[in-house]
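Asker: Please read through the structure below; I'll follow up with questions.
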Amino acid sequence: MSNSGFTFRRVREEMIETLLDLGIKDFRVLDAISQVPRHIFLDEALWSRAYENRSLTIGYKQTISQPYIVARMTELLISHTNSRGKIFENLLELGSGCGYQSAVLSFFSENVDAIERIKPLVQKSKENLSQLKINNVLFRHGDGYQDWEKEKKYDGILCAAAPREYPNDLVSVLSNDAKLVIPVGGASQKLNVITKINNDEINEEEFDDVSFVPMLAGKSEDGNDV
């Protein structure tokens, strides 16, 4: 298969049609996803399946989320906005994996801080986004429970791993009216959206049933201890 993008045009269009059929309505999200070539985030052996609506392995017992979940979480993150383009100044992503969701988020924010606990995936993410000439995402090898900037205020936080309960500390670094989109649970998980109204008030909502890898504390240097 060619990596030119032309080979994948038809299946990328079919993926967008699938997302529409599944209820993704925000054309800003659909437009961003249509511009990110999902196959480059996968080993070449999986390219033929890259645009199917399924999660796929990226090694280290991790997966790239299915396109619907990437679209759904992004749609929930930006649903309180109407503008196009880079509507946020700073977004935080926890569990950035191979960088696919990071690439989608890059369309909506001037800056994206992306934290991943498995060091080889951090390097892979950097290479993937460099190939796409996306330069507004800062990848960091760190612990998603604590290694984000405590002094910065984020216009949204997206987490791609599931804690048993969402970390309350994350709400403290949200700007007012900003959202934390995060899967929560163990064997049974729900997609949660926590909106910070102000320092004293939050709004919590539950959406889709989801299945994410658990959110683990600490960092892995080589990915062999996950």
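Naming scheme: A, B, ... for chains in displayed order of the structure tokens; residues 1 onward per chain; ligands 1 onward as shown.
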Could you name the residues that touch Cys159 in chain A at 9 Å or less, counting only C-alpha atoms, but leaving out those on the same chain fewer than 6 positions away, as a CSV table (one decimal) with C-alpha atoms, in the first residue's frame?
Answerer:
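Listed below is the output, part.csv:
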chain,number,residue,atom,x,y,z
A,92,LEU,CA,-4.2,18.6,28.4
A,93,GLU,CA,-4.3,15.0,27.2
A,94,LEU,CA,-3.5,12.1,29.6
A,95,GLY,CA,-2.6,8.7,28.1
A,96,SER,CA,-1.6,10.0,24.6
A,144,GLY,CA,-1.0,11.1,34.4
A,180,LEU,CA,-12.7,17.0,31.8
A,181,VAL,CA,-13.6,14.1,29.5
A,182,ILE,CA,-12.6,10.8,31.1
A,183,PRO,CA,-13.6,7.1,31.3
A,215,MET,CA,-5.1,4.4,34.4
Asker: Contacts between range 80-86 of chain A and range 110-159 of chain A, please, where a residue of range 110-159 of chain A counts if it comes within 12 Å (with only C-alpha atoms); show its shortest atom pair and distance in Å to one decimal, rows by chain and ascending number, as JSON lines.
Answerer:
{"residue": "A:Glu110", "atom": "CA", "partner": "A:Lys86", "partner_atom": "CA", "distance": 5.9}
{"residue": "A:Asn111", "atom": "CA", "partner": "A:Lys86", "partner_atom": "CA", "distance": 9.1}
{"residue": "A:Val112", "atom": "CA", "partner": "A:Lys86", "partner_atom": "CA", "distance": 10.9}
{"residue": "A:Asn136", "atom": "CA", "partner": "A:Lys86", "partner_atom": "CA", "distance": 10.9}
{"residue": "A:Asp155", "atom": "CA", "partner": "A:Thr81", "partner_atom": "CA", "distance": 11.2}
{"residue": "A:Gly156", "atom": "CA", "partner": "A:His80", "partner_atom": "CA", "distance": 11.0}
Asker: Take the selection from the previous step and output its residues with N, CA and C atoms, as a compact mmCIF listing (two decimals), in the first residue's frame.
Answerer:
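Once everything was written out, this is again-v3.txt:
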# COMPACT_ATOMS: atom_id res chain seq x y z
N GLU A 110 -4.29 25.98 20.52
CA GLU A 110 -2.97 26.52 20.21
C GLU A 110 -1.87 25.60 20.74
N ASN A 111 -2.12 25.02 21.92
CA ASN A 111 -1.13 24.15 22.55
C ASN A 111 -1.83 22.94 23.16
N VAL A 112 -1.21 21.77 23.00
CA VAL A 112 -1.68 20.54 23.63
C VAL A 112 -0.53 19.95 24.43
N ASN A 136 2.30 21.75 17.46
CA ASN A 136 1.73 22.42 18.65
C ASN A 136 1.35 21.44 19.75
N ASP A 155 -8.06 24.66 29.15
CA ASP A 155 -9.40 24.90 28.59
C ASP A 155 -10.14 23.60 28.34
N GLY A 156 -9.50 22.49 28.64
CA GLY A 156 -10.11 21.18 28.51
C GLY A 156 -9.08 20.11 28.81
Asker: Would you tabulate, counting only C-alpha atoms, all residues of range 80-187 of chain A that have an atom at most 10 Å from an atom of range 199-202 of chain A, showing the closest pair of atoms and their distance in Å to one decimal, sorted by chain then ascending number, as CSV?
Answerer:
residue,atom,partner,partner_atom,distance
A:Val171,CA,A:Ile202,CA,8.5
A:Ser172,CA,A:Asn199,CA,7.6
A:Leu174,CA,A:Asn199,CA,9.4
A:Ser175,CA,A:Asn199,CA,9.1
A:Asn176,CA,A:Asn199,CA,7.7
A:Asp177,CA,A:Ile202,CA,9.0
A:Ala178,CA,A:Ile202,CA,10.0
A:Lys179,CA,A:Ile202,CA,9.5
Asker: Pick out the residues sitting within 9 Å of range 100-107 of chain A, and hand them over as a ChimeraX atom specification; count only C-alpha atoms, and ignore anything fewer than 6 positions along from it in its own chain.
Answerer: /A:29,32-33,35-38,41,64-65,70-71,74,85-87,91,93,113-114,125,128-129,132,134-137,160
Asker: For a quick check of understanding, using only C-alpha atoms, which of A:Val213, A:Asp222, A:Leu76, A:Phe139 has the smallest distance to Ile194 in chain A?
Answerer: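 Selected residue with least distance to Ile194 in chain A: A:Leu76.
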Asker: Interatomic distance between CA of Leu56 in chain A and CA of Leu22 in chain A?
Answerer: 19.1 Å
Asker: Can you tell me which residues surround Met15 in chain A at a distance of at most 9 Å, considering only C-alpha atoms, apart from same-chain residues fewer than 6 positions away, and format the answer as a list in words?
Answerer: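 Everything that qualifies: Ser34, Tyr51, Glu52, Asn53 and Pro67 of chain A.
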Asker: Could you please take those selected residues and save N, CA and C atoms as a tab-separated table (two decimals), in the first residue's frame?
Answerer:
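Okay, again-v5.tsv is ready:
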chain	number	residue	atom	x	y	z
A	34	SER	N	-10.99	13.63	9.48
A	34	SER	CA	-10.78	13.32	8.06
A	34	SER	C	-9.38	13.74	7.59
A	51	TYR	N	-8.76	2.09	9.03
A	51	TYR	CA	-9.92	2.97	8.99
A	51	TYR	C	-11.21	2.25	9.37
A	52	GLU	N	-11.07	1.06	9.93
A	52	GLU	CA	-12.22	0.37	10.50
A	52	GLU	C	-12.54	0.99	11.86
A	53	ASN	N	-13.79	0.92	12.26
A	53	ASN	CA	-14.18	1.49	13.55
A	53	ASN	C	-13.89	0.49	14.67
A	67	PRO	N	-12.12	4.98	16.04
A	67	PRO	CA	-12.43	6.34	15.58
A	67	PRO	C	-13.67	6.94	16.24
Asker: Please return, as a list in words, all residues of range 16-153 of chain A that DSSP assigns to strand (DSSP E) on the basis of the backbone.
Answerer: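 Checking each residue of range 16-153 of chain A, the strand (DSSP E) ones are Leu56, Thr57, Ile58, Gly59, Gln62, Thr63, Ile64, Phe88, Glu89, Asn90, Leu91, Leu92, Glu93, Leu94, Ser109, Glu110, Asn111, Val112, Asp113, Ala114, Ile115, Glu116, Val137, Leu138, Phe139, Arg140 and His141 of chain A.
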Asker: Please measure the separation of CA of Glu89 in chain A and CA of Gln123 in chain A, giving the value in Å to one decimal.
Answerer: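 According to the coordinates, CA of Glu89 in chain A and CA of Gln123 in chain A are separated by 24.3 Å.
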Asker: Using only C-alpha atoms, which residues sit within 10 Å of Asp209 in chain A once same-chain residues fewer than 5 positions away are excluded, as a PyMOL selection string?
Answerer: chain A and resi 183-184+188-192
Asker: Given the selection you just returned, output its residues as a file containing C-alpha atoms, formatted as a PDB file, in the first residue's frame.
Answerer:
ATOM      1  CA  PRO A 183     -13.616   7.118  31.252  1.00  0.00           C
ATOM      2  CA  VAL A 184     -14.271   5.972  34.819  1.00  0.00           C
ATOM      3  CA  SER A 188     -17.670  -1.626  33.720  1.00  0.00           C
ATOM      4  CA  GLN A 189     -16.783   1.887  32.559  1.00  0.00           C
ATOM      5  CA  LYS A 190     -18.715   5.013  31.650  1.00  0.00           C
ATOM      6  CA  LEU A 191     -17.517   8.060  29.775  1.00  0.00           C
ATOM      7  CA  ASN A 192     -17.728  10.934  32.263  1.00  0.00           C
TER       8      ASN A 192
END
Asker: Mind giving me the straight-line distance from CA of Ser55 in chain A to CA of Ser109 in chain A in Å, one decimal?
Answerer: 24.9 Å
Asker: Assign secondary structure with DSSP using the backbone only, and return the residues of range 63-120 of chain A in alpha helix (DSSP H) as a PyMOL selection string.
Answerer: chain A and resi 67-78+100-105+119-120
Asker: Given the selection you just returned, output its residues as a file containing N, CA and C atoms, formatted as an mmCIF file, in the first residue's frame.
Answerer:
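The result, written out as selection_11.cif:
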data_model
loop_
_atom_site.group_PDB
_atom_site.id
_atom_site.type_symbol
_atom_site.label_atom_id
_atom_site.label_comp_id
_atom_site.auth_asym_id
_atom_site.auth_seq_id
_atom_site.Cartn_x
_atom_site.Cartn_y
_atom_site.Cartn_z
ATOM 1 N N PRO A 67 -12.121 4.980 16.037
ATOM 2 C CA PRO A 67 -12.432 6.344 15.585
ATOM 3 C C PRO A 67 -13.672 6.939 16.240
ATOM 4 N N TYR A 68 -14.704 6.118 16.500
ATOM 5 C CA TYR A 68 -15.908 6.669 17.123
ATOM 6 C C TYR A 68 -15.596 7.260 18.490
ATOM 7 N N ILE A 69 -14.789 6.566 19.283
ATOM 8 C CA ILE A 69 -14.494 7.044 20.634
ATOM 9 C C ILE A 69 -13.664 8.318 20.583
ATOM 10 N N VAL A 70 -12.699 8.383 19.664
ATOM 11 C CA VAL A 70 -11.907 9.606 19.495
ATOM 12 C C VAL A 70 -12.829 10.765 19.116
ATOM 13 N N ALA A 71 -13.733 10.513 18.176
ATOM 14 C CA ALA A 71 -14.667 11.554 17.745
ATOM 15 C C ALA A 71 -15.616 11.941 18.874
ATOM 16 N N ARG A 72 -16.133 10.965 19.582
ATOM 17 C CA ARG A 72 -17.102 11.221 20.653
ATOM 18 C C ARG A 72 -16.482 12.037 21.785
ATOM 19 N N MET A 73 -15.290 11.655 22.214
ATOM 20 C CA MET A 73 -14.640 12.378 23.303
ATOM 21 C C MET A 73 -14.290 13.803 22.881
ATOM 22 N N THR A 74 -13.838 13.961 21.644
ATOM 23 C CA THR A 74 -13.521 15.298 21.147
ATOM 24 C C THR A 74 -14.785 16.145 21.053
ATOM 25 N N GLU A 75 -15.855 15.541 20.562
ATOM 26 C CA GLU A 75 -17.125 16.254 20.439
ATOM 27 C C GLU A 75 -17.624 16.714 21.801
ATOM 28 N N LEU A 76 -17.529 15.866 22.805
ATOM 29 C CA LEU A 76 -17.950 16.250 24.150
ATOM 30 C C LEU A 76 -17.069 17.362 24.717
ATOM 31 N N LEU A 77 -15.777 17.309 24.403
ATOM 32 C CA LEU A 77 -14.836 18.296 24.925
ATOM 33 C C LEU A 77 -15.129 19.699 24.400
ATOM 34 N N ILE A 78 -15.615 19.795 23.152
ATOM 35 C CA ILE A 78 -15.789 21.110 22.520
ATOM 36 C C ILE A 78 -17.256 21.510 22.367
ATOM 37 N N TYR A 100 -2.483 9.602 18.147
ATOM 38 C CA TYR A 100 -3.592 9.808 17.212
ATOM 39 C C TYR A 100 -4.599 10.832 17.746
ATOM 40 N N GLN A 101 -5.052 10.621 18.983
ATOM 41 C CA GLN A 101 -5.980 11.590 19.581
ATOM 42 C C GLN A 101 -5.306 12.956 19.715
ATOM 43 N N SER A 102 -4.022 12.967 20.014
ATOM 44 C CA SER A 102 -3.271 14.222 20.128
ATOM 45 C C SER A 102 -3.333 15.004 18.825
ATOM 46 N N ALA A 103 -3.182 14.287 17.708
ATOM 47 C CA ALA A 103 -3.224 14.929 16.397
ATOM 48 C C ALA A 103 -4.584 15.565 16.145
ATOM 49 N N VAL A 104 -5.648 14.879 16.537
ATOM 50 C CA VAL A 104 -6.997 15.429 16.376
ATOM 51 C C VAL A 104 -7.162 16.674 17.256
ATOM 52 N N LEU A 105 -6.696 16.597 18.493
ATOM 53 C CA LEU A 105 -6.818 17.743 19.399
ATOM 54 C C LEU A 105 -6.028 18.947 18.902
ATOM 55 N N LYS A 119 7.467 5.216 27.901
ATOM 56 C CA LYS A 119 8.448 6.049 27.201
ATOM 57 C C LYS A 119 8.576 5.753 25.704
ATOM 58 N N PRO A 120 8.605 4.481 25.272
ATOM 59 C CA PRO A 120 8.711 4.243 23.823
ATOM 60 C C PRO A 120 7.527 4.810 23.038
#
